[in-house]
>>> print(open('model.csv').read())   # CSV, C-alpha atoms (C1' of nucleotides)
chain,number,residue,atom,x,y,z
F,1,MET,CA,-27.9,3.9,4.5
F,2,ASN,CA,-25.3,5.5,6.7
F,3,LEU,CA,-23.5,2.2,7.1
F,4,THR,CA,-23.6,1.7,3.4
F,5,PHE,CA,-22.0,5.1,2.6
F,6,LYS,CA,-19.5,4.5,5.4
F,7,ALA,CA,-18.5,1.2,3.8
F,8,LEU,CA,-18.0,2.9,0.4
F,9,ASN,CA,-15.6,5.4,1.9
F,10,ASP,CA,-12.4,3.5,1.5
F,11,PRO,CA,-10.4,2.7,-1.6
F,12,THR,CA,-9.6,-0.9,-0.4
F,13,ARG,CA,-13.2,-1.7,0.1
F,14,ARG,CA,-14.3,-0.2,-3.2
F,15,GLU,CA,-11.6,-2.3,-4.8
F,16,ILE,CA,-13.0,-5.4,-3.1
F,17,LEU,CA,-16.4,-4.7,-4.5
F,18,LYS,CA,-14.8,-4.5,-8.0
F,19,LEU,CA,-13.2,-7.9,-7.5
F,20,LEU,CA,-16.5,-9.4,-6.6
F,21,ARG,CA,-18.1,-8.2,-9.8
F,22,LYS,CA,-16.9,-11.4,-11.6
F,23,GLY,CA,-18.3,-13.7,-8.9
F,24,GLU,CA,-17.8,-14.7,-5.4
F,25,LEU,CA,-14.5,-15.1,-3.7
F,26,THR,CA,-13.2,-16.4,-0.4
F,27,ALA,CA,-11.7,-14.1,2.2
F,28,GLY,CA,-8.3,-15.4,1.5
F,29,GLU,CA,-8.6,-14.9,-2.3
F,30,ILE,CA,-9.6,-11.3,-1.6
F,31,ALA,CA,-6.7,-10.7,0.8
F,32,ASP,CA,-4.3,-12.0,-1.8
F,33,HIS,CA,-5.1,-9.0,-4.0
F,34,PHE,CA,-3.8,-6.5,-1.4
F,35,ASP,CA,-0.6,-5.7,0.4
F,36,ILE,CA,-2.2,-5.3,3.7
F,37,GLY,CA,-2.7,-8.0,6.4
F,38,LYS,CA,-5.5,-10.5,6.6
F,39,PRO,CA,-6.9,-9.0,9.8
F,40,SER,CA,-7.3,-5.7,8.1
F,41,ILE,CA,-9.1,-7.3,5.1
F,42,SER,CA,-11.3,-9.2,7.5
F,43,HIS,CA,-12.2,-5.9,9.1
F,44,HIS,CA,-13.0,-4.3,5.8
F,45,LEU,CA,-15.2,-7.3,4.8
F,46,ASP,CA,-17.0,-6.9,8.1
F,47,ILE,CA,-17.7,-3.2,7.3
F,48,LEU,CA,-18.9,-4.1,3.8
F,49,ARG,CA,-21.2,-6.7,5.3
F,50,ARG,CA,-22.6,-4.3,7.8
F,51,GLY,CA,-23.2,-1.9,5.0
F,52,GLU,CA,-25.0,-4.8,3.2
F,53,LEU,CA,-22.9,-4.4,0.2
F,54,VAL,CA,-21.8,-8.0,0.4
F,55,THR,CA,-23.1,-11.2,1.9
F,56,SER,CA,-21.0,-14.0,3.3
F,57,SER,CA,-21.5,-17.7,3.8
F,58,LYS,CA,-19.4,-20.4,5.1
F,59,ASN,CA,-18.2,-23.2,2.8
F,60,GLY,CA,-16.2,-25.7,4.8
F,61,GLN,CA,-13.2,-23.8,6.2
F,62,PHE,CA,-13.7,-21.0,3.7
F,63,VAL,CA,-15.9,-17.9,4.0
F,64,VAL,CA,-17.3,-16.9,0.7
F,65,TYR,CA,-18.2,-13.3,-0.1
F,66,THR,CA,-20.7,-12.2,-2.7
F,67,LEU,CA,-21.7,-8.8,-4.0
F,68,ASN,CA,-25.2,-7.7,-2.9
F,69,THR,CA,-26.7,-5.9,-5.8
F,70,THR,CA,-29.9,-5.1,-4.0
F,71,VAL,CA,-28.3,-2.3,-2.0
F,72,LEU,CA,-26.6,-1.0,-5.1
F,73,ASP,CA,-30.1,-0.4,-6.5
F,74,ASP,CA,-31.1,1.5,-3.3
F,75,ILE,CA,-28.0,3.7,-3.6
F,76,MET,CA,-28.7,4.5,-7.2
F,77,THR,CA,-32.3,5.4,-6.3
F,78,TRP,CA,-30.8,7.8,-3.7
F,79,PHE,CA,-28.8,9.5,-6.3
F,80,ILE,CA,-31.6,9.6,-8.8
F,81,ASN,CA,-33.8,11.4,-6.3
F,82,LEU,CA,-31.0,13.8,-5.6
F,83,LYS,CA,-30.8,14.7,-9.3
F,84,ASN,CA,-34.5,14.7,-10.3
F,85,ASP,CA,-35.6,17.0,-7.5
F,86,GLU,CA,-38.6,16.9,-5.2
X,1,MET,CA,-13.5,9.8,-6.8
X,2,ASN,CA,-12.0,9.2,-3.4
X,3,LEU,CA,-12.8,12.8,-2.3
X,4,THR,CA,-16.3,12.4,-3.6
X,5,PHE,CA,-17.0,9.2,-1.6
X,6,LYS,CA,-15.4,10.9,1.4
X,7,ALA,CA,-17.7,13.8,1.0
X,8,LEU,CA,-20.8,11.6,0.9
X,9,ASN,CA,-19.8,9.8,4.1
X,10,ASP,CA,-21.5,12.1,6.5
X,11,PRO,CA,-25.2,12.5,7.3
X,12,THR,CA,-25.0,16.3,7.6
X,13,ARG,CA,-23.4,16.6,4.2
X,14,ARG,CA,-25.9,14.3,2.6
X,15,GLU,CA,-28.6,16.5,4.1
X,16,ILE,CA,-27.0,19.6,2.6
X,17,LEU,CA,-27.1,17.9,-0.8
X,18,LYS,CA,-30.8,17.3,-0.4
X,19,LEU,CA,-31.4,20.9,0.6
X,20,LEU,CA,-29.7,22.0,-2.6
X,21,ARG,CA,-31.9,19.9,-4.8
X,22,LYS,CA,-34.4,22.7,-5.1
X,23,GLY,CA,-31.9,25.4,-5.9
X,24,GLU,CA,-28.9,27.2,-4.7
X,25,LEU,CA,-28.5,28.5,-1.2
X,26,THR,CA,-26.1,30.7,0.7
X,27,ALA,CA,-23.8,29.3,3.4
X,28,GLY,CA,-25.9,31.0,6.0
X,29,GLU,CA,-29.2,29.6,4.7
X,30,ILE,CA,-27.7,26.1,4.8
X,31,ALA,CA,-26.4,26.6,8.3
X,32,ASP,CA,-29.8,27.7,9.5
X,33,HIS,CA,-31.1,24.2,8.8
X,34,PHE,CA,-28.8,22.6,11.3
X,35,ASP,CA,-28.1,22.7,15.0
X,36,ILE,CA,-24.3,22.7,14.6
X,37,GLY,CA,-22.1,25.8,14.4
X,38,LYS,CA,-21.4,27.8,11.3
X,39,PRO,CA,-17.7,26.9,11.3
X,40,SER,CA,-18.6,23.3,11.2
X,41,ILE,CA,-21.0,23.9,8.3
X,42,SER,CA,-18.4,25.8,6.5
X,43,HIS,CA,-16.0,22.9,6.9
X,44,HIS,CA,-18.7,20.5,5.5
X,45,LEU,CA,-19.2,22.8,2.6
X,46,ASP,CA,-15.5,22.8,1.9
X,47,ILE,CA,-15.4,19.0,1.9
X,48,LEU,CA,-18.4,18.9,-0.5
X,49,ARG,CA,-16.6,21.3,-2.8
X,50,ARG,CA,-13.4,19.3,-2.8
X,51,GLY,CA,-15.5,16.3,-3.6
X,52,GLU,CA,-17.0,18.3,-6.5
X,53,LEU,CA,-20.5,17.6,-5.3
X,54,VAL,CA,-21.2,21.4,-5.1
X,55,THR,CA,-19.8,24.5,-6.6
X,56,SER,CA,-19.7,27.9,-4.9
X,57,SER,CA,-19.6,31.5,-6.1
X,58,LYS,CA,-19.5,34.8,-4.3
X,59,ASN,CA,-22.4,37.1,-4.6
X,60,GLY,CA,-21.7,40.3,-2.6
X,61,GLN,CA,-21.1,39.3,0.9
X,62,PHE,CA,-22.8,36.0,0.4
X,63,VAL,CA,-21.4,32.7,-0.8
X,64,VAL,CA,-23.8,30.7,-2.9
X,65,TYR,CA,-23.7,27.0,-3.1
X,66,THR,CA,-25.1,24.9,-6.0
X,67,LEU,CA,-25.4,21.2,-6.5
X,68,ASN,CA,-23.0,19.8,-9.2
X,69,THR,CA,-25.0,17.2,-11.0
X,70,THR,CA,-22.1,16.2,-13.3
X,71,VAL,CA,-20.3,14.3,-10.5
X,72,LEU,CA,-23.6,12.6,-9.6
X,73,ASP,CA,-23.6,11.2,-13.1
X,74,ASP,CA,-20.1,9.9,-12.6
X,75,ILE,CA,-21.0,8.2,-9.4
X,76,MET,CA,-24.0,6.5,-10.9
X,77,THR,CA,-21.8,5.3,-13.8
X,78,TRP,CA,-19.5,3.8,-11.1
X,79,PHE,CA,-22.3,1.9,-9.6
X,80,ILE,CA,-23.7,0.8,-12.9
X,81,ASN,CA,-20.3,-0.6,-13.8
X,82,LEU,CA,-20.2,-2.4,-10.5
X,83,LYS,CA,-23.5,-4.1,-11.3
X,84,ASN,CA,-23.4,-4.9,-14.9
X,85,ASP,CA,-19.9,-5.1,-16.2
X,86,GLU,CA,-17.9,-8.2,-17.0
H,1,DC,C1',-14.4,55.7,8.1
H,2,DA,C1',-17.0,52.8,11.6
H,3,DA,C1',-20.4,49.4,12.7
H,4,DA,C1',-22.9,45.4,11.2
H,5,DT,C1',-23.3,41.1,8.7
H,6,DA,C1',-21.6,36.8,6.2
H,7,DT,C1',-18.3,33.5,5.9
H,8,DT,C1',-14.0,31.3,6.7
H,9,DT,C1',-9.7,30.2,9.2
H,10,DC,C1',-7.4,28.9,13.4
H,11,DG,C1',-6.3,26.0,17.4
H,12,DA,C1',-7.8,22.6,20.3
H,13,DT,C1',-10.2,18.4,21.7
H,14,DA,C1',-12.8,14.1,21.5
H,15,DT,C1',-14.1,10.4,18.5
H,16,DT,C1',-13.5,7.3,14.8
H,17,DT,C1',-10.8,4.6,11.7
H,18,DA,C1',-7.1,1.7,9.4
H,19,DT,C1',-3.6,-1.0,10.4
H,20,DC,C1',-0.7,-4.3,12.8
H,21,DG,C1',1.0,-8.7,15.1
H,22,DA,C1',-0.5,-12.2,18.3
H,23,DA,C1',-3.9,-15.1,19.8
H,24,DA,C1',-8.3,-17.6,19.3
H,25,DT,C1',-11.6,-20.3,16.6
H,26,DA,C1',-13.0,-23.5,13.1
H,27,DT,C1',-12.3,-26.9,9.7
H,28,DC,C1',-9.8,-30.2,7.0
H,29,DA,C1',-6.5,-34.0,6.3
H,30,DA,C1',-3.2,-37.5,7.7
Q,1,DT,C1',-6.0,-36.9,17.6
Q,2,DT,C1',-2.4,-33.9,15.7
Q,3,DG,C1',-0.9,-30.7,12.5
Q,4,DA,C1',-2.0,-27.5,8.9
Q,5,DT,C1',-4.9,-24.0,6.8
Q,6,DA,C1',-8.5,-20.3,6.8
Q,7,DT,C1',-10.6,-16.7,9.1
Q,8,DT,C1',-11.7,-13.7,12.8
Q,9,DT,C1',-11.0,-11.4,17.3
Q,10,DC,C1',-8.2,-8.8,20.4
Q,11,DG,C1',-5.4,-5.0,22.1
Q,12,DA,C1',-2.7,-1.4,20.7
Q,13,DT,C1',-1.2,2.7,18.0
Q,14,DA,C1',-1.1,6.3,14.6
Q,15,DA,C1',-3.8,9.1,11.5
Q,16,DA,C1',-8.1,11.2,10.1
Q,17,DT,C1',-12.4,13.6,11.3
Q,18,DA,C1',-16.3,16.4,13.4
Q,19,DT,C1',-17.0,19.8,16.3
Q,20,DC,C1',-16.4,24.0,19.0
Q,21,DG,C1',-15.4,29.1,20.2
Q,22,DA,C1',-12.6,32.8,19.1
Q,23,DA,C1',-10.4,35.4,15.8
Q,24,DA,C1',-9.7,36.9,11.0
Q,25,DT,C1',-11.4,38.4,6.3
Q,26,DA,C1',-14.6,40.5,3.2
Q,27,DT,C1',-18.5,43.2,2.1
Q,28,DT,C1',-22.3,46.3,2.8
Q,29,DT,C1',-24.5,50.2,5.1
Q,30,DG,C1',-24.9,54.4,7.7
>>> encode(input="model.csv", output="structure tokens")
Amino acid sequence: MNLTFKALNDPTRREILKLLRKGELTAGEIADHFDIGKPSISHHLDILRRGELVTSSKNGQFVVYTLNTTVLDDIMTWFINLKNDE
Amino acid sequence: MNLTFKALNDPTRREILKLLRKGELTAGEIADHFDIGKPSISHHLDILRRGELVTSSKNGQFVVYTLNTTVLDDIMTWFINLKNDE
DNA sequence: CAAATATTTCGATATTTATCGAAATATCAA
DNA sequence: TTGATATTTCGATAAATATCGAAATATTTG
């Protein structure tokens, strides 16, 4: 859970998650949406992966990233527990 | 929203939020639950306040902290949009 | 007013983090 | 195999963060 919250604590990474709402994207396609270098994006993707917010798979020379909705459910449960006491 | 996610990115601060589920607490009562110094807790509380996750009010010589559930709703909406939308 | 208590601010330090350009790795295409 | 493309790893640097002890501020109590 710590790695997940850590991954969420960056505007670029949250923007990446929004991009992935509509479907999977390659690392390059994701990088094209930002003004920062590809090594930085690669690093952000690694942090999102370690926080289990995305999964990745290799398709030829491309690496495809996908939103992992399972962990989103876990996070929402965390917040619901915070609200509904006990 | 940035300050809110930032505030959530620390185990001590998330633990403070859990303590506040059952009702408001003074800064000192919160500090008593942890092994770190009061200045550090005060700093964490400040970050939680700036992230609007808690509100504070002064009661005599005590400062009372309360969970702000409004922002919790906002965060959950953010996650729901990430899951469902588009 | 003076002493005691509660909390925060200050100044410093050690750790973590985001970013970069260059280099390394992997795959595809000619 | 050679050259081009996609992505990551590496090494470095600058900025942000958590923590601490000491000092400052505010309030209550004697």
>>> atom_distance(input="model.csv", atom1="atom CA of Lys6 of chain X", atom2="atom CA of Gly51 of chain X")
7.4 Å
>>> residues_around(input="model.csv", residues="Lys18 of chain F", least_positions_apart="4", cutoff="9 Å", atoms="only C-alpha atoms (C1' of nucleotides)", output="CSV table (one decimal) with C-alpha atoms, in the coordinates of the input")
chain,number,residue,atom,x,y,z
F,13,ARG,CA,-13.2,-1.7,0.1
F,14,ARG,CA,-14.3,-0.2,-3.2
F,22,LYS,CA,-16.9,-11.4,-11.6
X,81,ASN,CA,-20.3,-0.6,-13.8
X,82,LEU,CA,-20.2,-2.4,-10.5
>>> atom_distance(input="model.csv", atom1="atom CA of Arg49 of chain F", atom2="atom CA of Met1 of chain F")
12.6 Å
>>> residues_around(input="model.csv", residues="segment 27-35 of chain F", least_positions_apart="2", cutoff="10 Å", atoms="only C-alpha atoms (C1' of nucleotides)", output="compact mmCIF listing (two decimals) with C-alpha atoms (C1' of nucleotides), in the frame of the given file")
# COMPACT_ATOMS: atom_id res chain seq x y z
CA THR F 12 -9.60 -0.90 -0.40
CA GLU F 15 -11.60 -2.30 -4.80
CA ILE F 16 -13.00 -5.40 -3.10
CA LEU F 17 -16.40 -4.70 -4.50
CA LEU F 19 -13.20 -7.90 -7.50
CA LEU F 20 -16.50 -9.40 -6.60
CA GLU F 24 -17.80 -14.70 -5.40
CA LEU F 25 -14.50 -15.10 -3.70
CA GLY F 37 -2.70 -8.00 6.40
CA LYS F 38 -5.50 -10.50 6.60
CA PRO F 39 -6.90 -9.00 9.80
CA SER F 40 -7.30 -5.70 8.10
CA ILE F 41 -9.10 -7.30 5.10
CA SER F 42 -11.30 -9.20 7.50
CA LEU F 45 -15.20 -7.30 4.80
CA SER F 56 -21.00 -14.00 3.30
CA PHE F 62 -13.70 -21.00 3.70
CA VAL F 63 -15.90 -17.90 4.00
CA VAL F 64 -17.30 -16.90 0.70
CA TYR F 65 -18.20 -13.30 -0.10
C1' DA Q 6 -8.50 -20.30 6.80
C1' DT Q 7 -10.60 -16.70 9.10
>>> atom_distance(input="model.csv", atom1="atom CA of Leu8 of chain X", atom2="atom C1' of DA14 of chain H")
22.2 Å
>>> residues_around(input="model.csv", residues="DA16 of chain Q", least_positions_apart="2", cutoff="12 Å", atoms="all atoms listed in the file", output="PDB file with C-alpha atoms (C1' of nucleotides), in the frame of the given file")
ATOM      1  CA  LYS X   6     -15.400  10.900   1.400  1.00  0.00           C
TER       2      LYS X   6
ATOM      3  C1'  DT H  15     -14.100  10.400  18.500  1.00  0.00           C
ATOM      4  C1'  DT H  16     -13.500   7.300  14.800  1.00  0.00           C
ATOM      5  C1'  DT H  17     -10.800   4.600  11.700  1.00  0.00           C
ATOM      6  C1'  DA H  18      -7.100   1.700   9.400  1.00  0.00           C
TER       7       DA H  18
ATOM      8  C1'  DA Q  14      -1.100   6.300  14.600  1.00  0.00           C
ATOM      9  C1'  DA Q  18     -16.300  16.400  13.400  1.00  0.00           C
TER      10       DA Q  18
END
>>> residues_around(input="model.csv", residues="DA22 of chain H", least_positions_apart="2", cutoff="12 Å", atoms="only C-alpha atoms (C1' of nucleotides)", output="list in words")
Pro39 of chain F; DC20 and DA24 of chain H; DT9, DC10, DG11 and DA12 of chain Q
>>> interface_residues(input="model.csv", of="chain F", to="chain X", cutoff="9 Å", atoms="all atoms listed in the file", output="list of chain:residue names")
F:Asn2, F:Leu3, F:Thr4, F:Phe5, F:Lys6, F:Ala7, F:Leu8, F:Asn9, F:Asp10, F:Pro11, F:Leu17, F:Lys18, F:Leu20, F:Arg21, F:Lys22, F:Leu67, F:Thr69, F:Leu72, F:Asp73, F:Ile75, F:Met76, F:Phe79, F:Ile80, F:Asn81, F:Leu82, F:Lys83, F:Asn84, F:Asp85, F:Glu86
>>> write_last_selection(input="model.csv", atoms="C-alpha atoms", output="PDB file, in the coordinates of the input")
ATOM      1  CA  ASN F   2     -25.300   5.500   6.700  1.00  0.00           C
ATOM      2  CA  LEU F   3     -23.500   2.200   7.100  1.00  0.00           C
ATOM      3  CA  THR F   4     -23.600   1.700   3.400  1.00  0.00           C
ATOM      4  CA  PHE F   5     -22.000   5.100   2.600  1.00  0.00           C
ATOM      5  CA  LYS F   6     -19.500   4.500   5.400  1.00  0.00           C
ATOM      6  CA  ALA F   7     -18.500   1.200   3.800  1.00  0.00           C
ATOM      7  CA  LEU F   8     -18.000   2.900   0.400  1.00  0.00           C
ATOM      8  CA  ASN F   9     -15.600   5.400   1.900  1.00  0.00           C
ATOM      9  CA  ASP F  10     -12.400   3.500   1.500  1.00  0.00           C
ATOM     10  CA  PRO F  11     -10.400   2.700  -1.600  1.00  0.00           C
ATOM     11  CA  LEU F  17     -16.400  -4.700  -4.500  1.00  0.00           C
ATOM     12  CA  LYS F  18     -14.800  -4.500  -8.000  1.00  0.00           C
ATOM     13  CA  LEU F  20     -16.500  -9.400  -6.600  1.00  0.00           C
ATOM     14  CA  ARG F  21     -18.100  -8.200  -9.800  1.00  0.00           C
ATOM     15  CA  LYS F  22     -16.900 -11.400 -11.600  1.00  0.00           C
ATOM     16  CA  LEU F  67     -21.700  -8.800  -4.000  1.00  0.00           C
ATOM     17  CA  THR F  69     -26.700  -5.900  -5.800  1.00  0.00           C
ATOM     18  CA  LEU F  72     -26.600  -1.000  -5.100  1.00  0.00           C
ATOM     19  CA  ASP F  73     -30.100  -0.400  -6.500  1.00  0.00           C
ATOM     20  CA  ILE F  75     -28.000   3.700  -3.600  1.00  0.00           C
ATOM     21  CA  MET F  76     -28.700   4.500  -7.200  1.00  0.00           C
ATOM     22  CA  PHE F  79     -28.800   9.500  -6.300  1.00  0.00           C
ATOM     23  CA  ILE F  80     -31.600   9.600  -8.800  1.00  0.00           C
ATOM     24  CA  ASN F  81     -33.800  11.400  -6.300  1.00  0.00           C
ATOM     25  CA  LEU F  82     -31.000  13.800  -5.600  1.00  0.00           C
ATOM     26  CA  LYS F  83     -30.800  14.700  -9.300  1.00  0.00           C
ATOM     27  CA  ASN F  84     -34.500  14.700 -10.300  1.00  0.00           C
ATOM     28  CA  ASP F  85     -35.600  17.000  -7.500  1.00  0.00           C
ATOM     29  CA  GLU F  86     -38.600  16.900  -5.200  1.00  0.00           C
TER      30      GLU F  86
END
>>> residues_near_point(input="model.csv", point="(-15.4, 43.3, 3.0)", cutoff="9 Å", atoms="only C-alpha atoms (C1' of nucleotides)", output="count of residues only")
6
>>> interface_residues(input="model.csv", of="chain H", to="chain X", cutoff="12 Å", atoms="all atoms listed in the file", output="count of residues only")
6
>>> closest_residue(input="model.csv", among="X:Val54, X:Val71, X:Ile47, X:Ile36", to="chain Q", atoms="all atoms listed in the file")
X:Ile36
>>> closest_residue(input="model.csv", among="Q:DT8, Q:DC20, Q:DT2, Q:DA15", to="chain F", atoms="only C-alpha atoms (C1' of nucleotides)")
Q:DT8
>>> decode(input="model.csv", residues="segment 28-51 of chain X", atoms="C-alpha atoms", output="PDB file, in the first residue's frame")
ATOM      1  CA  GLY X  28      -0.558  15.924  21.979  1.00  0.00           C
ATOM      2  CA  GLU X  29      -2.860  12.915  22.000  1.00  0.00           C
ATOM      3  CA  ILE X  30      -1.881  12.210  18.419  1.00  0.00           C
ATOM      4  CA  ALA X  31       1.812  12.583  19.199  1.00  0.00           C
ATOM      5  CA  ASP X  32       1.495  10.102  22.076  1.00  0.00           C
ATOM      6  CA  HIS X  33       0.718   7.351  19.572  1.00  0.00           C
ATOM      7  CA  PHE X  34       4.075   7.646  17.864  1.00  0.00           C
ATOM      8  CA  ASP X  35       7.738   7.289  18.700  1.00  0.00           C
ATOM      9  CA  ILE X  36       8.796  10.386  16.836  1.00  0.00           C
ATOM     10  CA  GLY X  37       9.109  13.857  18.312  1.00  0.00           C
ATOM     11  CA  LYS X  38       6.345  16.392  18.685  1.00  0.00           C
ATOM     12  CA  PRO X  39       7.867  18.833  16.219  1.00  0.00           C
ATOM     13  CA  SER X  40       7.709  16.116  13.573  1.00  0.00           C
ATOM     14  CA  ILE X  41       4.093  15.317  14.373  1.00  0.00           C
ATOM     15  CA  SER X  42       3.263  18.997  14.251  1.00  0.00           C
ATOM     16  CA  HIS X  43       4.828  19.127  10.817  1.00  0.00           C
ATOM     17  CA  HIS X  44       2.827  16.097   9.665  1.00  0.00           C
ATOM     18  CA  LEU X  45      -0.362  17.683  10.959  1.00  0.00           C
ATOM     19  CA  ASP X  46       0.450  20.830   9.032  1.00  0.00           C
ATOM     20  CA  ILE X  47       0.844  18.829   5.840  1.00  0.00           C
ATOM     21  CA  LEU X  48      -2.451  17.029   6.473  1.00  0.00           C
ATOM     22  CA  ARG X  49      -4.112  20.396   7.017  1.00  0.00           C
ATOM     23  CA  ARG X  50      -2.696  21.849   3.826  1.00  0.00           C
ATOM     24  CA  GLY X  51      -3.954  18.757   2.008  1.00  0.00           C
TER      25      GLY X  51
END
